[in-house]
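What follows is the content of target-v9.txt (compact mmCIF, C-alpha atoms and all ligand atoms).
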# COMPACT_ATOMS: atom_id res chain seq x y z
CA MET A 21 60.39 29.69 10.84
CA ASP A 22 57.53 30.62 8.55
CA VAL A 23 57.29 34.41 8.20
CA GLU A 24 54.38 36.18 6.52
CA ILE A 25 54.15 39.90 5.86
CA ALA A 26 50.73 41.55 6.11
CA GLN A 27 49.12 42.14 2.73
CA HIS A 28 49.03 45.89 3.39
CA SER A 29 51.73 47.46 5.54
CA GLY A 30 54.44 50.09 5.56
CA PHE A 31 54.82 53.31 3.60
CA CYS A 32 51.58 55.06 2.66
CA TYR A 33 50.85 57.53 -0.12
CA GLY A 34 51.31 60.63 2.09
CA VAL A 35 54.65 59.54 3.49
CA LYS A 36 56.02 58.65 0.05
CA GLU A 37 54.94 62.03 -1.27
CA ALA A 38 56.47 63.90 1.68
CA ILE A 39 59.82 62.15 1.25
CA LYS A 40 59.77 62.75 -2.51
CA LEU A 41 59.05 66.46 -2.07
CA ALA A 42 61.72 66.89 0.60
CA THR A 43 64.47 65.04 -1.25
CA GLU A 44 63.69 66.70 -4.59
CA THR A 45 63.81 70.10 -2.89
CA ALA A 46 67.14 69.35 -1.20
CA GLU A 47 68.68 68.12 -4.45
CA ALA A 48 67.46 71.06 -6.54
CA SER A 49 68.35 73.89 -4.17
CA ASP A 50 71.55 75.48 -2.88
CA ARG A 51 69.71 76.63 0.20
CA ARG A 52 69.44 74.71 3.43
CA THR A 53 66.39 72.39 3.50
CA VAL A 54 64.68 71.81 6.82
CA THR A 55 61.53 70.02 7.88
CA PHE A 56 59.22 71.66 10.39
CA GLY A 57 59.04 68.97 13.06
CA PRO A 58 59.79 65.39 12.01
CA LEU A 59 58.70 64.96 8.38
CA ILE A 60 57.29 61.53 9.27
CA HIS A 61 57.23 59.50 12.48
CA ASN A 62 60.19 57.22 11.85
CA PRO A 63 63.57 58.09 13.42
CA GLN A 64 65.56 55.76 11.13
CA GLU A 65 64.19 57.32 7.93
CA ILE A 66 64.64 60.84 9.33
CA GLU A 67 68.27 59.98 10.10
CA ARG A 68 68.75 58.66 6.53
CA LEU A 69 67.31 61.86 5.03
CA GLY A 70 69.79 63.86 7.08
CA ARG A 71 72.75 61.66 6.17
CA GLU A 72 72.02 61.30 2.45
CA TYR A 73 70.36 64.62 1.63
CA GLY A 74 71.43 66.97 4.42
CA ILE A 75 67.79 67.55 5.37
CA GLU A 76 67.62 68.94 8.91
CA ARG A 77 64.75 69.10 11.34
CA VAL A 78 63.72 72.26 13.20
CA ASP A 79 61.01 72.43 15.86
CA ALA A 80 60.31 76.16 15.50
CA LEU A 81 60.73 78.72 12.73
CA ASP A 82 62.09 81.45 15.08
CA GLY A 83 65.25 83.00 13.69
CA LEU A 84 65.27 80.79 10.60
CA THR A 85 66.31 82.55 7.39
CA ASP A 86 67.30 81.62 3.86
CA ALA A 87 65.94 78.07 3.93
CA ASN A 88 63.44 75.76 2.29
CA VAL A 89 60.90 74.64 4.87
CA VAL A 90 59.12 71.38 4.20
CA ILE A 91 55.78 71.13 6.02
CA ARG A 92 55.33 67.65 7.50
CA ALA A 93 52.82 65.11 6.16
CA HIS A 94 50.45 65.65 9.09
CA GLY A 95 50.26 69.40 8.64
CA VAL A 96 50.64 72.55 10.75
CA PRO A 97 48.28 75.37 11.84
CA PRO A 98 47.84 78.25 9.34
CA GLU A 99 49.89 80.67 11.51
CA GLU A 100 53.03 78.67 10.71
CA PHE A 101 52.55 79.25 6.96
CA GLU A 102 52.14 82.97 7.65
CA ARG A 103 55.25 83.08 9.85
CA ALA A 104 57.26 81.34 7.14
CA ALA A 105 56.07 83.90 4.57
CA VAL A 106 57.03 86.82 6.86
CA GLN A 107 60.50 85.32 7.28
CA ASN A 108 60.79 84.90 3.52
CA LEU A 109 61.24 81.16 3.76
CA ALA A 110 60.48 78.96 0.77
CA VAL A 111 57.60 76.74 1.89
CA VAL A 112 57.21 73.27 0.42
CA ASP A 113 53.87 71.96 1.62
CA ALA A 114 54.01 68.19 2.09
CA THR A 115 50.73 68.02 4.02
CA CYS A 116 49.04 64.79 2.98
CA ARG A 117 45.84 65.40 1.04
CA PHE A 118 43.91 63.19 3.47
CA VAL A 119 45.00 65.46 6.33
CA THR A 120 43.85 68.46 4.29
CA ASP A 121 40.49 66.67 3.95
CA VAL A 122 40.11 66.51 7.76
CA GLN A 123 41.12 70.17 8.10
CA ASN A 124 38.51 71.10 5.49
CA ALA A 125 35.81 68.97 7.13
CA ALA A 126 36.54 70.62 10.49
CA ILE A 127 36.40 74.08 8.91
CA ASP A 128 33.11 73.24 7.21
CA PHE A 129 31.46 71.98 10.42
CA CYS A 130 32.64 75.06 12.36
CA ARG A 131 31.41 77.36 9.60
CA LYS A 132 27.97 75.75 9.90
CA GLY A 133 27.97 76.32 13.66
CA TYR A 134 28.22 72.72 14.90
CA PRO A 135 30.09 71.94 18.12
CA LEU A 136 33.11 70.10 16.71
CA TYR A 137 34.50 66.90 18.26
CA ILE A 138 37.88 65.72 17.00
CA VAL A 139 38.65 62.12 17.97
CA GLY A 140 42.42 61.74 18.25
CA GLU A 141 45.58 62.28 20.32
CA PRO A 142 45.44 65.85 21.71
CA GLN A 143 49.19 66.49 21.40
CA HIS A 144 49.59 64.96 17.94
CA PRO A 145 50.75 67.47 15.28
CA GLU A 146 47.83 66.52 13.05
CA ILE A 147 45.32 67.42 15.77
CA VAL A 148 47.16 70.67 16.56
CA GLY A 149 46.98 71.52 12.85
CA ILE A 150 43.27 70.68 12.52
CA LEU A 151 42.48 72.79 15.60
CA GLY A 152 44.46 75.70 14.21
CA HIS A 153 42.64 75.63 10.87
CA ALA A 154 39.19 75.29 12.49
CA ARG A 155 39.87 78.14 14.95
CA ARG A 156 41.12 80.34 12.14
CA GLU A 157 37.80 79.84 10.37
CA ARG A 158 35.74 80.54 13.45
CA PRO A 159 37.55 81.72 16.62
CA ASP A 160 34.37 81.40 18.70
CA ALA A 161 33.68 77.80 17.64
CA GLU A 162 33.04 75.17 20.28
CA ILE A 163 35.77 72.57 19.69
CA HIS A 164 36.62 69.48 21.77
CA VAL A 165 39.39 66.94 21.31
CA VAL A 166 38.50 63.52 22.71
CA GLU A 167 40.93 60.63 22.74
CA THR A 168 38.34 57.91 22.38
CA VAL A 169 34.91 57.30 20.96
CA ASP A 170 33.85 56.14 24.45
CA GLU A 171 34.70 59.58 25.84
CA LEU A 172 32.42 61.20 23.27
CA ILE A 173 29.61 58.72 23.92
CA ALA A 174 29.89 59.38 27.67
CA ALA A 175 29.78 63.17 27.11
CA ASN A 176 26.59 62.64 25.06
CA PRO A 177 26.30 66.20 23.70
CA ALA A 178 22.94 67.34 22.30
CA ARG A 179 24.63 68.36 19.03
CA ALA A 180 27.95 67.29 17.61
CA ALA A 181 29.91 67.07 14.40
CA VAL A 182 32.68 64.48 14.55
CA VAL A 183 35.91 64.07 12.60
CA PHE A 184 38.71 61.57 13.25
CA GLN A 185 42.49 61.71 13.22
CA THR A 186 43.46 60.09 9.91
CA THR A 187 45.23 57.23 11.68
CA HIS A 188 42.53 56.42 14.25
CA GLU A 189 41.28 52.87 14.58
CA TYR A 190 38.67 52.22 11.90
CA ALA A 191 36.72 49.78 14.10
CA LYS A 192 36.13 52.67 16.53
CA TYR A 193 34.68 54.78 13.74
CA LYS A 194 32.27 51.94 12.93
CA ARG A 195 31.37 51.64 16.62
CA LEU A 196 30.40 55.31 16.77
CA GLU A 197 28.45 55.02 13.53
CA ARG A 198 26.45 52.16 15.07
CA HIS A 199 25.88 54.09 18.30
CA ILE A 200 24.54 57.10 16.40
CA ARG A 201 22.21 54.90 14.35
CA GLU A 202 20.92 52.85 17.28
CA HIS A 203 20.21 55.96 19.37
CA THR A 204 19.03 58.04 16.41
CA LEU A 205 21.31 60.87 17.49
CA PRO A 206 21.29 64.07 15.42
CA TRP A 207 25.11 64.02 15.23
CA LYS A 208 27.02 64.63 12.03
CA MET A 209 30.06 62.51 11.36
CA LYS A 210 32.64 62.31 8.62
CA ASN A 211 34.89 59.33 8.13
CA THR A 212 38.30 60.99 7.88
CA ILE A 213 40.38 57.87 8.62
CA CYS A 214 42.60 57.43 5.58
CA GLY A 215 42.52 54.38 3.31
CA ALA A 216 46.10 53.34 4.11
CA THR A 217 45.35 53.25 7.84
CA LYS A 218 42.21 51.21 7.28
CA SER A 219 43.94 48.71 4.94
CA ASN A 220 46.94 48.30 7.25
CA GLN A 221 44.65 47.70 10.25
CA TYR A 222 42.48 45.16 8.41
CA ALA A 223 45.50 43.27 7.09
CA ALA A 224 47.26 43.24 10.48
CA ASP A 225 44.12 42.03 12.24
CA GLU A 226 43.59 39.27 9.68
CA LEU A 227 47.20 38.08 9.86
CA ALA A 228 47.43 38.23 13.66
CA ARG A 229 44.58 35.71 13.89
CA ARG A 230 46.66 33.12 11.96
CA VAL A 231 50.10 33.38 13.58
CA ASP A 232 51.76 32.71 16.93
CA VAL A 233 53.77 35.92 17.11
CA MET A 234 53.31 39.33 15.47
CA ILE A 235 56.18 41.75 14.99
CA VAL A 236 55.05 45.33 14.38
CA ILE A 237 57.77 47.58 12.97
CA GLY A 238 57.69 51.35 13.27
CA GLY A 239 58.67 54.45 15.19
CA LYS A 240 57.90 54.41 18.89
CA ASN A 241 56.56 57.94 18.23
CA SER A 242 54.21 56.66 15.52
CA GLY A 243 50.55 56.62 16.60
CA ASN A 244 49.42 54.42 13.72
CA THR A 245 52.13 51.85 14.59
CA ARG A 246 51.04 51.79 18.22
CA ARG A 247 47.45 51.15 17.13
CA LEU A 248 48.64 48.22 14.98
CA VAL A 249 50.33 46.77 18.08
CA GLU A 250 47.09 47.08 20.08
CA LEU A 251 45.10 45.39 17.30
CA CYS A 252 47.58 42.53 16.88
CA ALA A 253 47.84 41.96 20.63
CA MET A 254 44.18 40.97 20.68
CA HIS A 255 45.03 37.82 18.70
CA ALA A 256 48.75 36.96 19.01
CA ARG A 257 51.84 37.61 21.13
CA SER A 258 52.84 40.98 19.71
CA HIS A 259 56.02 43.05 19.90
CA HIS A 260 56.76 46.58 18.67
CA VAL A 261 60.28 47.18 17.32
CA GLU A 262 61.86 50.13 15.54
CA THR A 263 64.82 48.17 14.21
CA VAL A 264 66.28 44.70 13.94
CA ALA A 265 68.46 45.40 17.01
CA GLU A 266 65.44 45.12 19.33
CA LEU A 267 64.45 41.57 18.29
CA ASP A 268 64.61 39.08 21.13
CA ARG A 269 65.13 35.39 20.32
CA GLY A 270 62.99 34.43 23.34
CA TRP A 271 59.87 35.94 21.74
CA PHE A 272 59.84 33.19 19.12
CA GLU A 273 60.18 30.13 21.38
CA GLY A 274 57.56 27.55 20.44
CA ALA A 275 56.35 29.65 17.50
CA THR A 276 55.95 28.09 14.07
CA LYS A 277 54.45 31.05 12.27
CA VAL A 278 55.37 34.73 12.62
CA GLY A 279 53.47 37.67 11.13
CA VAL A 280 55.06 41.01 10.31
CA THR A 281 53.42 44.36 9.77
CA ALA A 282 54.74 47.93 9.69
CA GLY A 283 53.41 51.43 10.34
CA ALA A 284 52.75 53.90 7.54
CA SER A 285 56.08 55.69 8.14
CA THR A 286 58.25 52.57 8.20
CA PRO A 287 60.58 52.30 5.19
CA GLN A 288 60.90 49.01 3.33
CA TRP A 289 64.63 48.74 4.09
CA VAL A 290 63.90 48.55 7.83
CA VAL A 291 61.19 45.91 7.21
CA ASP A 292 63.58 43.86 5.03
CA ASP A 293 66.26 43.88 7.77
CA VAL A 294 63.81 42.68 10.41
CA VAL A 295 62.30 39.96 8.20
CA ALA A 296 65.74 38.64 7.21
CA ALA A 297 66.77 38.46 10.86
CA ILE A 298 63.61 36.56 11.90
CA GLU A 299 64.03 34.11 9.01
CA SER A 300 67.59 33.38 10.08
CA LEU A 301 66.64 32.52 13.68
S1 LIG A 401 48.80 57.75 7.21
FE1 LIG A 401 47.17 58.40 5.78
S2 LIG A 401 46.88 60.58 6.29
FE2 LIG A 401 48.84 59.97 7.18
S3 LIG A 401 50.34 60.51 5.61
FE3 LIG A 401 49.74 58.38 5.26
S4 LIG A 401 48.09 58.45 3.72
FE4 LIG A 401 48.33 60.50 4.61

What would the structure in this file look like if it were written as structure tokens?
Amino acid sequence: MDVEIAQHSGFCYGVKEAIKLATETAEASDRRTVTFGPLIHNPQEIERLGREYGIERVDALDGLTDANVVIRAHGVPPEEFERAAVQNLAVVDATCRFVTDVQNAAIDFCRKGYPLYIVGEPQHPEIVGILGHARRERPDAEIHVVETVDELIAANPARAAVVFQTTHEYAKYKRLERHIREHTLPWKMKNTICGATKSNQYAADELARRVDVMIVIGGKNSGNTRRLVELCAMHARSHHVETVAELDRGWFEGATKVGVTAGASTPQWVVDDVVAAIESL
């Protein structure tokens, strides 16, 4: 079977940096190294970091002492940094610089008094972090989290400043840009979708148009992987797997060409396993 991997897929800059910071910290220190929440959204890589480097995950800082705390790639609210300082924890900030850019854009819009609209998943750690930073800047700010661009268009506020979760679908950003232009709305908008997300989405979309089946590899808890699945499903039979164990021979019946893409938190070793298994079918 002919297998082609998307031109852009897998580990992004922010994830590589977060893993590098966490592993270097664990190797250089005698203290326990923990990540605050999952460092990245890939259970297999998190398990490897625990097995090979002893890096543990905690979901709250309560009661934690004498440890290095690595802040996840998608950030935390400012109160968590303060709590860590009070508890004398050594903070290693692995917040991706593109996430910091969204936090700063949100702060700037709130400072200027705009009603802020954040387009993204309300429960996602990145959104919780952005909200925390914006509220810290201006506790009385009007802030809304909307899951979709359509929700914002339907709300049709008189004034709005819009930022996006870094891993939101780029085509939706362009749709909102068009809507604002066509209706000459006085809304402010900043494109805060990161380059890796945009490249992975473009490449997956392009490949899915040329194959019979798309396999999208990544954590089931990974928002950017789920969005790749949605994009690919518009053009080809598409399946989301975390590991090689989930592949089903039946998916490939009648297929001559298979495309493979992977979310930004998916390590290359997981991709290699899946590709080798498809090629051997
Ligand atoms: S997906 Fe983008 S924002 Fe998120 S860690 Fe990777 S580079 Fe940073």

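Counting only C-alpha atoms and comparing A:Ile25, A:Cys32, A:Val261, A:Ile39, the residue that lies closest to Arg230 of chain A is A:Ile25.
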
TODO: Residues up to 9 Å from ligand LIG 401 (chain A), counting all atoms listed in the file: could you list those as number ranges by chain?
DONE: A: 31-38, 60, 92-94, 115-120, 146, 185-187, 212-218, 244, 283-285

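Between Val182 of chain A and the candidates A:Leu196, A:Val166, A:Leu136, A:Met21, the tightest atom-to-atom separation, counting only C-alpha atoms, involves A:Leu136.
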
All residues 9 Å or closer to Asp293 of chain A, all atoms listed in the file, same chain fewer than 5 positions away omitted, as a short mmCIF file (atom, residue, chain, number, x, y, z; two decimals) with C-alpha atoms, in the frame of the given file:
data_model
loop_
_atom_site.label_atom_id
_atom_site.label_comp_id
_atom_site.auth_asym_id
_atom_site.auth_seq_id
_atom_site.Cartn_x
_atom_site.Cartn_y
_atom_site.Cartn_z
CA THR A 263 64.82 48.17 14.21
CA VAL A 264 66.28 44.70 13.94
CA GLN A 288 60.90 49.01 3.33
CA ILE A 298 63.61 36.56 11.90
#

Could you put an axis-aligned box around every listed atom of segment 181-189 of chain A, padded by 3 Å on each side, and send me its centre and edge lengths in Å to one decimal, as lines of an AutoDock Vina configuration file?
center_x = 37.6
center_y = 60.0
center_z = 12.2
size_x = 21.3
size_y = 20.2
size_z = 10.7

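Put simply, atom CA of Leu59 of chain A is 10.5 Å away from atom CA of Val89 of chain A.
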
Task: Distance query Ile66 of chain A at most 12 Å, all atoms listed in the file, self and fewer than 2 positions along chain excluded, as JSON, numbers by chain - done: {"A": [35, 38, 39, 42, 43, 54, 55, 57, 58, 59, 60, 61, 62, 63, 64, 68, 69, 70, 71, 72, 73, 74, 75, 76, 77, 92, 239, 285, 286, 287]}

Can I get the selection written as a compact mmCIF listing (two decimals), keeping the file's coordinate frame, with C-alpha atoms?
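Done, and the output landed in again_19.txt:
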# COMPACT_ATOMS: atom_id res chain seq x y z
CA VAL A 35 54.65 59.54 3.49
CA ALA A 38 56.47 63.90 1.68
CA ILE A 39 59.82 62.15 1.25
CA ALA A 42 61.72 66.89 0.60
CA THR A 43 64.47 65.04 -1.25
CA VAL A 54 64.68 71.81 6.82
CA THR A 55 61.53 70.02 7.88
CA GLY A 57 59.04 68.97 13.06
CA PRO A 58 59.79 65.39 12.01
CA LEU A 59 58.70 64.96 8.38
CA ILE A 60 57.29 61.53 9.27
CA HIS A 61 57.23 59.50 12.48
CA ASN A 62 60.19 57.22 11.85
CA PRO A 63 63.57 58.09 13.42
CA GLN A 64 65.56 55.76 11.13
CA ARG A 68 68.75 58.66 6.53
CA LEU A 69 67.31 61.86 5.03
CA GLY A 70 69.79 63.86 7.08
CA ARG A 71 72.75 61.66 6.17
CA GLU A 72 72.02 61.30 2.45
CA TYR A 73 70.36 64.62 1.63
CA GLY A 74 71.43 66.97 4.42
CA ILE A 75 67.79 67.55 5.37
CA GLU A 76 67.62 68.94 8.91
CA ARG A 77 64.75 69.10 11.34
CA ARG A 92 55.33 67.65 7.50
CA GLY A 239 58.67 54.45 15.19
CA SER A 285 56.08 55.69 8.14
CA THR A 286 58.25 52.57 8.20
CA PRO A 287 60.58 52.30 5.19

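Of the residues under consideration (A:Arg51, A:Lys208, A:His199, A:His164), A:Lys208 shows the shortest atom-to-atom contact distance to Ala181 of chain A when counting only C-alpha atoms.
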